[in-house]
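Have a look at entry38.pdb below; it lists PDB, N, CA and C atoms.
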```
ATOM      1  N   MET A 217     114.097 -37.140  17.950
ATOM      2  CA  MET A 217     112.940 -36.402  18.387
ATOM      3  C   MET A 217     112.433 -37.017  19.674
ATOM      4  N   SER A 218     111.956 -36.180  20.563
ATOM      5  CA  SER A 218     111.388 -36.648  21.833
ATOM      6  C   SER A 218     109.871 -36.650  21.743
ATOM      7  N   LEU A 219     109.289 -37.760  22.110
ATOM      8  CA  LEU A 219     107.834 -37.925  22.071
ATOM      9  C   LEU A 219     107.342 -38.347  23.441
ATOM     10  N   SER A 220     106.111 -37.982  23.749
ATOM     11  CA  SER A 220     105.510 -38.375  25.021
ATOM     12  C   SER A 220     104.085 -38.853  24.755
ATOM     13  N   PHE A 221     103.752 -39.982  25.354
ATOM     14  CA  PHE A 221     102.421 -40.570  25.187
ATOM     15  C   PHE A 221     101.840 -40.915  26.550
ATOM     16  N   THR A 222     100.526 -40.795  26.675
ATOM     17  CA  THR A 222      99.815 -41.304  27.843
ATOM     18  C   THR A 222      99.205 -42.631  27.435
ATOM     19  N   VAL A 223      99.551 -43.675  28.201
ATOM     20  CA  VAL A 223      99.084 -45.028  27.905
ATOM     21  C   VAL A 223      98.294 -45.511  29.124
ATOM     22  N   PRO A 224      96.966 -45.306  29.116
ATOM     23  CA  PRO A 224      96.143 -45.582  30.297
ATOM     24  C   PRO A 224      96.230 -47.005  30.834
ATOM     25  N   ASN A 225      96.445 -47.989  29.968
ATOM     26  CA  ASN A 225      96.476 -49.366  30.455
ATOM     27  C   ASN A 225      97.901 -49.888  30.664
ATOM     28  N   LEU A 226      98.851 -48.992  30.856
ATOM     29  CA  LEU A 226     100.217 -49.364  31.238
ATOM     30  C   LEU A 226     100.207 -49.580  32.745
ATOM     31  N   ALA A 227     100.227 -50.843  33.168
ATOM     32  CA  ALA A 227      99.948 -51.135  34.569
ATOM     33  C   ALA A 227     101.097 -51.739  35.371
ATOM     34  N   CYS A 228     102.094 -52.327  34.698
ATOM     35  CA  CYS A 228     103.109 -53.063  35.456
ATOM     36  C   CYS A 228     104.414 -53.137  34.670
ATOM     37  N   SER A 229     105.398 -53.776  35.263
ATOM     38  CA  SER A 229     106.701 -53.884  34.607
ATOM     39  C   SER A 229     106.629 -54.742  33.335
ATOM     40  N   SER A 230     105.733 -55.701  33.295
ATOM     41  CA  SER A 230     105.556 -56.496  32.074
ATOM     42  C   SER A 230     105.011 -55.639  30.939
ATOM     43  N   CYS A 231     104.122 -54.709  31.287
ATOM     44  CA  CYS A 231     103.584 -53.779  30.295
ATOM     45  C   CYS A 231     104.699 -52.880  29.755
ATOM     46  N   VAL A 232     105.531 -52.403  30.666
ATOM     47  CA  VAL A 232     106.662 -51.552  30.273
ATOM     48  C   VAL A 232     107.563 -52.311  29.302
ATOM     49  N   LYS A 233     107.854 -53.563  29.609
ATOM     50  CA  LYS A 233     108.710 -54.382  28.755
ATOM     51  C   LYS A 233     108.076 -54.575  27.376
ATOM     52  N   ALA A 234     106.786 -54.857  27.343
ATOM     53  CA  ALA A 234     106.090 -55.082  26.072
ATOM     54  C   ALA A 234     106.100 -53.830  25.203
ATOM     55  N   VAL A 235     105.821 -52.683  25.811
ATOM     56  CA  VAL A 235     105.805 -51.425  25.063
ATOM     57  C   VAL A 235     107.215 -51.081  24.579
ATOM     58  N   THR A 236     108.189 -51.254  25.442
ATOM     59  CA  THR A 236     109.581 -50.962  25.070
ATOM     60  C   THR A 236     110.017 -51.837  23.900
ATOM     61  N   GLN A 237     109.718 -53.120  23.973
ATOM     62  CA  GLN A 237     110.092 -54.036  22.884
ATOM     63  C   GLN A 237     109.382 -53.669  21.581
ATOM     64  N   ALA A 238     108.117 -53.288  21.666
ATOM     65  CA  ALA A 238     107.369 -52.912  20.465
ATOM     66  C   ALA A 238     107.994 -51.692  19.797
ATOM     67  N   ILE A 239     108.368 -50.718  20.602
ATOM     68  CA  ILE A 239     108.980 -49.499  20.060
ATOM     69  C   ILE A 239     110.358 -49.808  19.490
ATOM     70  N   GLN A 240     111.139 -50.604  20.198
ATOM     71  CA  GLN A 240     112.492 -50.896  19.738
ATOM     72  C   GLN A 240     112.512 -51.858  18.555
ATOM     73  N   THR A 241     111.404 -52.502  18.270
ATOM     74  CA  THR A 241     111.280 -53.284  17.044
ATOM     75  C   THR A 241     111.238 -52.340  15.846
ATOM     76  N   ILE A 242     110.634 -51.187  16.029
ATOM     77  CA  ILE A 242     110.549 -50.174  14.980
ATOM     78  C   ILE A 242     111.867 -49.417  14.858
ATOM     79  N   ASP A 243     112.438 -49.028  15.994
ATOM     80  CA  ASP A 243     113.692 -48.259  16.037
ATOM     81  C   ASP A 243     114.587 -48.843  17.124
ATOM     82  N   ARG A 244     115.558 -49.633  16.726
ATOM     83  CA  ARG A 244     116.441 -50.311  17.684
ATOM     84  C   ARG A 244     117.194 -49.340  18.588
ATOM     85  N   THR A 245     117.419 -48.117  18.115
ATOM     86  CA  THR A 245     118.192 -47.146  18.897
ATOM     87  C   THR A 245     117.304 -46.262  19.769
ATOM     88  N   ALA A 246     116.003 -46.477  19.736
ATOM     89  CA  ALA A 246     115.080 -45.657  20.531
ATOM     90  C   ALA A 246     115.355 -45.821  22.016
ATOM     91  N   GLN A 247     115.296 -44.714  22.726
ATOM     92  CA  GLN A 247     115.386 -44.754  24.185
ATOM     93  C   GLN A 247     113.970 -44.589  24.719
ATOM     94  N   VAL A 248     113.555 -45.545  25.533
ATOM     95  CA  VAL A 248     112.180 -45.581  26.033
ATOM     96  C   VAL A 248     112.201 -45.500  27.550
ATOM     97  N   ASN A 249     111.394 -44.582  28.083
ATOM     98  CA  ASN A 249     111.226 -44.466  29.529
ATOM     99  C   ASN A 249     109.718 -44.534  29.790
ATOM    100  N   ALA A 250     109.276 -45.659  30.324
ATOM    101  CA  ALA A 250     107.849 -45.856  30.579
ATOM    102  C   ALA A 250     107.629 -46.003  32.081
ATOM    103  N   ASP A 251     106.625 -45.307  32.585
ATOM    104  CA  ASP A 251     106.334 -45.321  34.027
ATOM    105  C   ASP A 251     104.884 -45.733  34.258
ATOM    106  N   PRO A 252     104.668 -46.945  34.796
ATOM    107  CA  PRO A 252     103.289 -47.393  35.018
ATOM    108  C   PRO A 252     102.540 -46.562  36.059
ATOM    109  N   LYS A 253     103.241 -45.891  36.952
ATOM    110  CA  LYS A 253     102.565 -45.067  37.960
ATOM    111  C   LYS A 253     101.919 -43.838  37.334
ATOM    112  N   THR A 254     102.632 -43.198  36.402
ATOM    113  CA  THR A 254     102.106 -41.981  35.770
ATOM    114  C   THR A 254     101.421 -42.262  34.441
ATOM    115  N   LYS A 255     101.582 -43.516  33.941
ATOM    116  CA  LYS A 255     101.015 -43.928  32.650
ATOM    117  C   LYS A 255     101.660 -43.194  31.480
ATOM    118  N   GLN A 256     102.880 -42.688  31.685
ATOM    119  CA  GLN A 256     103.584 -41.945  30.651
ATOM    120  C   GLN A 256     104.657 -42.795  29.989
ATOM    121  N   VAL A 257     104.760 -42.656  28.675
ATOM    122  CA  VAL A 257     105.820 -43.287  27.904
ATOM    123  C   VAL A 257     106.538 -42.172  27.155
ATOM    124  N   ASN A 258     107.815 -41.987  27.458
ATOM    125  CA  ASN A 258     108.637 -40.984  26.796
ATOM    126  C   ASN A 258     109.637 -41.702  25.917
ATOM    127  N   VAL A 259     109.735 -41.243  24.670
ATOM    128  CA  VAL A 259     110.561 -41.923  23.683
ATOM    129  C   VAL A 259     111.450 -40.907  22.972
ATOM    130  N   THR A 260     112.723 -41.233  22.862
ATOM    131  CA  THR A 260     113.633 -40.479  22.011
ATOM    132  C   THR A 260     113.936 -41.379  20.830
ATOM    133  N   THR A 261     113.555 -40.920  19.639
ATOM    134  CA  THR A 261     113.598 -41.779  18.457
ATOM    135  C   THR A 261     113.753 -40.956  17.182
ATOM    136  N   ALA A 262     114.172 -41.630  16.140
ATOM    137  CA  ALA A 262     114.212 -41.018  14.815
ATOM    138  C   ALA A 262     112.917 -41.308  14.052
ATOM    139  N   ALA A 263     112.101 -42.216  14.572
ATOM    140  CA  ALA A 263     110.842 -42.583  13.917
ATOM    141  C   ALA A 263     109.789 -41.487  14.145
ATOM    142  N   THR A 264     108.764 -41.505  13.314
ATOM    143  CA  THR A 264     107.704 -40.507  13.443
ATOM    144  C   THR A 264     106.771 -40.844  14.607
ATOM    145  N   GLU A 265     106.051 -39.840  15.060
ATOM    146  CA  GLU A 265     105.098 -40.029  16.147
ATOM    147  C   GLU A 265     104.044 -41.066  15.769
ATOM    148  N   ALA A 266     103.550 -40.999  14.535
ATOM    149  CA  ALA A 266     102.504 -41.922  14.099
ATOM    150  C   ALA A 266     102.992 -43.371  14.131
ATOM    151  N   VAL A 267     104.235 -43.596  13.734
ATOM    152  CA  VAL A 267     104.783 -44.956  13.702
ATOM    153  C   VAL A 267     104.944 -45.497  15.120
ATOM    154  N   ILE A 268     105.454 -44.678  16.028
ATOM    155  CA  ILE A 268     105.641 -45.118  17.412
ATOM    156  C   ILE A 268     104.284 -45.360  18.077
ATOM    157  N   LYS A 269     103.346 -44.464  17.847
ATOM    158  CA  LYS A 269     101.995 -44.637  18.408
ATOM    159  C   LYS A 269     101.374 -45.946  17.924
ATOM    160  N   GLN A 270     101.528 -46.239  16.646
ATOM    161  CA  GLN A 270     100.969 -47.470  16.094
ATOM    162  C   GLN A 270     101.646 -48.696  16.688
ATOM    163  N   ALA A 271     102.941 -48.619  16.957
ATOM    164  CA  ALA A 271     103.653 -49.738  17.581
ATOM    165  C   ALA A 271     103.087 -50.027  18.973
ATOM    166  N   ILE A 272     102.781 -48.978  19.720
ATOM    167  CA  ILE A 272     102.193 -49.150  21.054
ATOM    168  C   ILE A 272     100.805 -49.789  20.939
ATOM    169  N   ILE A 273     100.018 -49.313  20.012
ATOM    170  CA  ILE A 273      98.678 -49.858  19.795
ATOM    171  C   ILE A 273      98.754 -51.318  19.344
ATOM    172  N   ASP A 274      99.670 -51.620  18.436
ATOM    173  CA  ASP A 274      99.827 -52.993  17.939
ATOM    174  C   ASP A 274     100.256 -53.946  19.060
ATOM    175  N   ALA A 275     100.915 -53.398  20.087
ATOM    176  CA  ALA A 275     101.329 -54.222  21.228
ATOM    177  C   ALA A 275     100.165 -54.492  22.181
ATOM    178  N   GLY A 276      98.998 -53.886  21.897
ATOM    179  CA  GLY A 276      97.810 -54.150  22.703
ATOM    180  C   GLY A 276      97.466 -53.073  23.712
ATOM    181  N   TYR A 277      98.061 -51.892  23.552
ATOM    182  CA  TYR A 277      97.842 -50.805  24.519
ATOM    183  C   TYR A 277      97.136 -49.647  23.834
ATOM    184  N   THR A 278      96.441 -48.847  24.629
ATOM    185  CA  THR A 278      95.763 -47.679  24.094
ATOM    186  C   THR A 278      96.642 -46.458  24.316
ATOM    187  N   VAL A 279      96.511 -45.509  23.434
ATOM    188  CA  VAL A 279      97.230 -44.239  23.560
ATOM    189  C   VAL A 279      96.178 -43.144  23.658
ATOM    190  N   ALA A 280      96.197 -42.421  24.773
ATOM    191  CA  ALA A 280      95.195 -41.377  24.992
ATOM    192  C   ALA A 280      95.624 -40.079  24.311
TER     193      ALA A 280
END
```
Written as structure tokens, how would this file's structure read?
Amino acid sequence: MSLSFTVPNLACSSCVKAVTQAIQTIDRTAQVNADPKTKQVNVTTAATEAVIKQAIIDAGYTVA
């Protein structure tokens, strides 16, 4: 499933790495494309939207 999130405090490459690692901890096969310029995180995953959203939040980021 393809999911898209707006993450307002995604600011740099370190943020991208942290969010990607948090998501891939939940689903190792997830493909994550995060762009700090647009604040968008696009994920292709077998996990549910709620689980991926919670992983982003647990990593210290907000999801709008």
Taking the file as shown, what set of residues would the PyMOL selection byres (((chain A and resi 229 and name CA) around 12) and name CA) give back, as a list of chain:residue names? A:Asn225, A:Leu226, A:Ala227, A:Cys228, A:Ser230, A:Cys231, A:Val232, A:Lys233, A:Ala234, A:Val235, A:Thr236, A:Asn249, A:Ala250, A:Asp251, A:Pro252, A:Lys253, A:Lys255
For the residues selected in the previous step, produce a file with N, CA and C atoms as an mmCIF file, in the frame of the given file.
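This went into part_29.cif:
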```
data_model
loop_
_atom_site.group_PDB
_atom_site.id
_atom_site.type_symbol
_atom_site.label_atom_id
_atom_site.label_comp_id
_atom_site.auth_asym_id
_atom_site.auth_seq_id
_atom_site.Cartn_x
_atom_site.Cartn_y
_atom_site.Cartn_z
ATOM 1 N N ASN A 225 96.445 -47.989 29.968
ATOM 2 C CA ASN A 225 96.476 -49.366 30.455
ATOM 3 C C ASN A 225 97.901 -49.888 30.664
ATOM 4 N N LEU A 226 98.851 -48.992 30.856
ATOM 5 C CA LEU A 226 100.217 -49.364 31.238
ATOM 6 C C LEU A 226 100.207 -49.580 32.745
ATOM 7 N N ALA A 227 100.227 -50.843 33.168
ATOM 8 C CA ALA A 227 99.948 -51.135 34.569
ATOM 9 C C ALA A 227 101.097 -51.739 35.371
ATOM 10 N N CYS A 228 102.094 -52.327 34.698
ATOM 11 C CA CYS A 228 103.109 -53.063 35.456
ATOM 12 C C CYS A 228 104.414 -53.137 34.670
ATOM 13 N N SER A 230 105.733 -55.701 33.295
ATOM 14 C CA SER A 230 105.556 -56.496 32.074
ATOM 15 C C SER A 230 105.011 -55.639 30.939
ATOM 16 N N CYS A 231 104.122 -54.709 31.287
ATOM 17 C CA CYS A 231 103.584 -53.779 30.295
ATOM 18 C C CYS A 231 104.699 -52.880 29.755
ATOM 19 N N VAL A 232 105.531 -52.403 30.666
ATOM 20 C CA VAL A 232 106.662 -51.552 30.273
ATOM 21 C C VAL A 232 107.563 -52.311 29.302
ATOM 22 N N LYS A 233 107.854 -53.563 29.609
ATOM 23 C CA LYS A 233 108.710 -54.382 28.755
ATOM 24 C C LYS A 233 108.076 -54.575 27.376
ATOM 25 N N ALA A 234 106.786 -54.857 27.343
ATOM 26 C CA ALA A 234 106.090 -55.082 26.072
ATOM 27 C C ALA A 234 106.100 -53.830 25.203
ATOM 28 N N VAL A 235 105.821 -52.683 25.811
ATOM 29 C CA VAL A 235 105.805 -51.425 25.063
ATOM 30 C C VAL A 235 107.215 -51.081 24.579
ATOM 31 N N THR A 236 108.189 -51.254 25.442
ATOM 32 C CA THR A 236 109.581 -50.962 25.070
ATOM 33 C C THR A 236 110.017 -51.837 23.900
ATOM 34 N N ASN A 249 111.394 -44.582 28.083
ATOM 35 C CA ASN A 249 111.226 -44.466 29.529
ATOM 36 C C ASN A 249 109.718 -44.534 29.790
ATOM 37 N N ALA A 250 109.276 -45.659 30.324
ATOM 38 C CA ALA A 250 107.849 -45.856 30.579
ATOM 39 C C ALA A 250 107.629 -46.003 32.081
ATOM 40 N N ASP A 251 106.625 -45.307 32.585
ATOM 41 C CA ASP A 251 106.334 -45.321 34.027
ATOM 42 C C ASP A 251 104.884 -45.733 34.258
ATOM 43 N N PRO A 252 104.668 -46.945 34.796
ATOM 44 C CA PRO A 252 103.289 -47.393 35.018
ATOM 45 C C PRO A 252 102.540 -46.562 36.059
ATOM 46 N N LYS A 253 103.241 -45.891 36.952
ATOM 47 C CA LYS A 253 102.565 -45.067 37.960
ATOM 48 C C LYS A 253 101.919 -43.838 37.334
ATOM 49 N N LYS A 255 101.582 -43.516 33.941
ATOM 50 C CA LYS A 255 101.015 -43.928 32.650
ATOM 51 C C LYS A 255 101.660 -43.194 31.480
#
```
Using atom N of A:Ala263 and atom N of A:Pro224 as the two end points, give the distance in Å to one decimal.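 Separation of atom N of A:Ala263 and atom N of A:Pro224: 21.2 Å.
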What does the distance between atom N of A:Ala275 and atom CA of A:Thr245 come to in Å, to one decimal place?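 According to the coordinates, atom N of A:Ala275 and atom CA of A:Thr245 are separated by 18.4 Å.
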Exercise: A:Glu265 partners within 10 Å, only C-alpha atoms, chain neighbours under 2 positions left out, as a list in words: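 Those residues are Met217, Ser218, Leu219, Ser220, Phe221, Val259, Thr261, Ala262, Ala263, Val267, Ile268, Lys269, Gln270 and Ala271 of chain A.
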Can you check which residues of chain A DSSP gives as strand (DSSP E) on the backbone and send them as JSON, numbers by chain? {"A": [218, 219, 220, 221, 222, 247, 248, 249, 250, 251, 256, 257, 258, 259, 260]}
Complete the atoms of stretch 237-248 of chain A to all heavy atoms and put them out as a CSV table (one decimal), keeping the file's coordinate frame.
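Contents of the output file selection-v3.csv:
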```csv
chain,number,residue,atom,x,y,z
A,237,GLN,N,109.7,-53.1,24.0
A,237,GLN,CA,110.1,-54.0,22.9
A,237,GLN,C,109.4,-53.7,21.6
A,237,GLN,O,110.0,-53.7,20.5
A,237,GLN,CB,109.8,-55.5,23.3
A,237,GLN,CG,110.8,-56.0,24.3
A,237,GLN,CD,110.4,-57.4,24.7
A,237,GLN,OE1,109.3,-57.9,24.6
A,237,GLN,NE2,111.4,-58.1,25.3
A,238,ALA,N,108.1,-53.3,21.7
A,238,ALA,CA,107.4,-52.9,20.5
A,238,ALA,C,108.0,-51.7,19.8
A,238,ALA,O,108.1,-51.6,18.6
A,238,ALA,CB,105.9,-52.6,20.8
A,239,ILE,N,108.4,-50.7,20.6
A,239,ILE,CA,109.0,-49.5,20.1
A,239,ILE,C,110.4,-49.8,19.5
A,239,ILE,O,110.7,-49.4,18.4
A,239,ILE,CB,109.1,-48.4,21.1
A,239,ILE,CG1,107.6,-47.9,21.5
A,239,ILE,CG2,109.9,-47.2,20.7
A,239,ILE,CD1,107.5,-47.1,22.7
A,240,GLN,N,111.1,-50.6,20.2
A,240,GLN,CA,112.5,-50.9,19.7
A,240,GLN,C,112.5,-51.9,18.6
A,240,GLN,O,113.5,-52.0,17.9
A,240,GLN,CB,113.3,-51.4,20.9
A,240,GLN,CG,113.7,-50.2,21.9
A,240,GLN,CD,114.5,-50.6,23.1
A,240,GLN,OE1,114.5,-51.8,23.4
A,240,GLN,NE2,115.1,-49.7,23.6
A,241,THR,N,111.4,-52.5,18.3
A,241,THR,CA,111.3,-53.3,17.0
A,241,THR,C,111.2,-52.3,15.8
A,241,THR,O,111.8,-52.6,14.8
A,241,THR,CB,110.0,-54.2,17.1
A,241,THR,OG1,110.1,-55.1,18.1
A,241,THR,CG2,109.8,-54.9,15.8
A,242,ILE,N,110.6,-51.2,16.0
A,242,ILE,CA,110.5,-50.2,15.0
A,242,ILE,C,111.9,-49.4,14.9
A,242,ILE,O,112.3,-49.1,13.8
A,242,ILE,CB,109.4,-49.2,15.3
A,242,ILE,CG1,108.1,-49.9,15.4
A,242,ILE,CG2,109.3,-48.1,14.2
A,242,ILE,CD1,107.6,-50.7,14.2
A,243,ASP,N,112.4,-49.0,16.0
A,243,ASP,CA,113.7,-48.3,16.0
A,243,ASP,C,114.6,-48.8,17.1
A,243,ASP,O,114.4,-48.6,18.3
A,243,ASP,CB,113.4,-46.8,16.3
A,243,ASP,CG,114.6,-45.9,16.4
A,243,ASP,OD1,115.8,-46.5,16.3
A,243,ASP,OD2,114.5,-44.7,16.7
A,244,ARG,N,115.6,-49.6,16.7
A,244,ARG,CA,116.4,-50.3,17.7
A,244,ARG,C,117.2,-49.3,18.6
A,244,ARG,O,117.6,-49.7,19.7
A,244,ARG,CB,117.4,-51.2,17.0
A,244,ARG,CG,116.8,-52.4,16.3
A,244,ARG,CD,117.9,-53.4,15.9
A,244,ARG,NE,117.4,-54.6,15.4
A,244,ARG,CZ,117.0,-55.6,16.1
A,244,ARG,NH1,117.1,-55.6,17.4
A,244,ARG,NH2,116.5,-56.7,15.6
A,245,THR,N,117.4,-48.1,18.1
A,245,THR,CA,118.2,-47.1,18.9
A,245,THR,C,117.3,-46.3,19.8
A,245,THR,O,117.8,-45.4,20.5
A,245,THR,CB,119.0,-46.3,18.0
A,245,THR,OG1,118.2,-45.5,17.1
A,245,THR,CG2,120.0,-47.1,17.1
A,246,ALA,N,116.0,-46.5,19.7
A,246,ALA,CA,115.1,-45.7,20.5
A,246,ALA,C,115.4,-45.8,22.0
A,246,ALA,O,115.6,-46.9,22.5
A,246,ALA,CB,113.6,-46.0,20.2
A,247,GLN,N,115.3,-44.7,22.7
A,247,GLN,CA,115.4,-44.8,24.2
A,247,GLN,C,114.0,-44.6,24.7
A,247,GLN,O,113.3,-43.6,24.4
A,247,GLN,CB,116.3,-43.7,24.7
A,247,GLN,CG,117.7,-43.9,24.3
A,247,GLN,CD,118.7,-42.8,24.9
A,247,GLN,OE1,118.2,-41.9,25.6
A,247,GLN,NE2,119.9,-43.0,24.6
A,248,VAL,N,113.6,-45.5,25.5
A,248,VAL,CA,112.2,-45.6,26.0
A,248,VAL,C,112.2,-45.5,27.6
A,248,VAL,O,112.9,-46.2,28.2
A,248,VAL,CB,111.5,-46.9,25.6
A,248,VAL,CG1,110.0,-46.9,26.1
A,248,VAL,CG2,111.5,-47.0,24.1
```
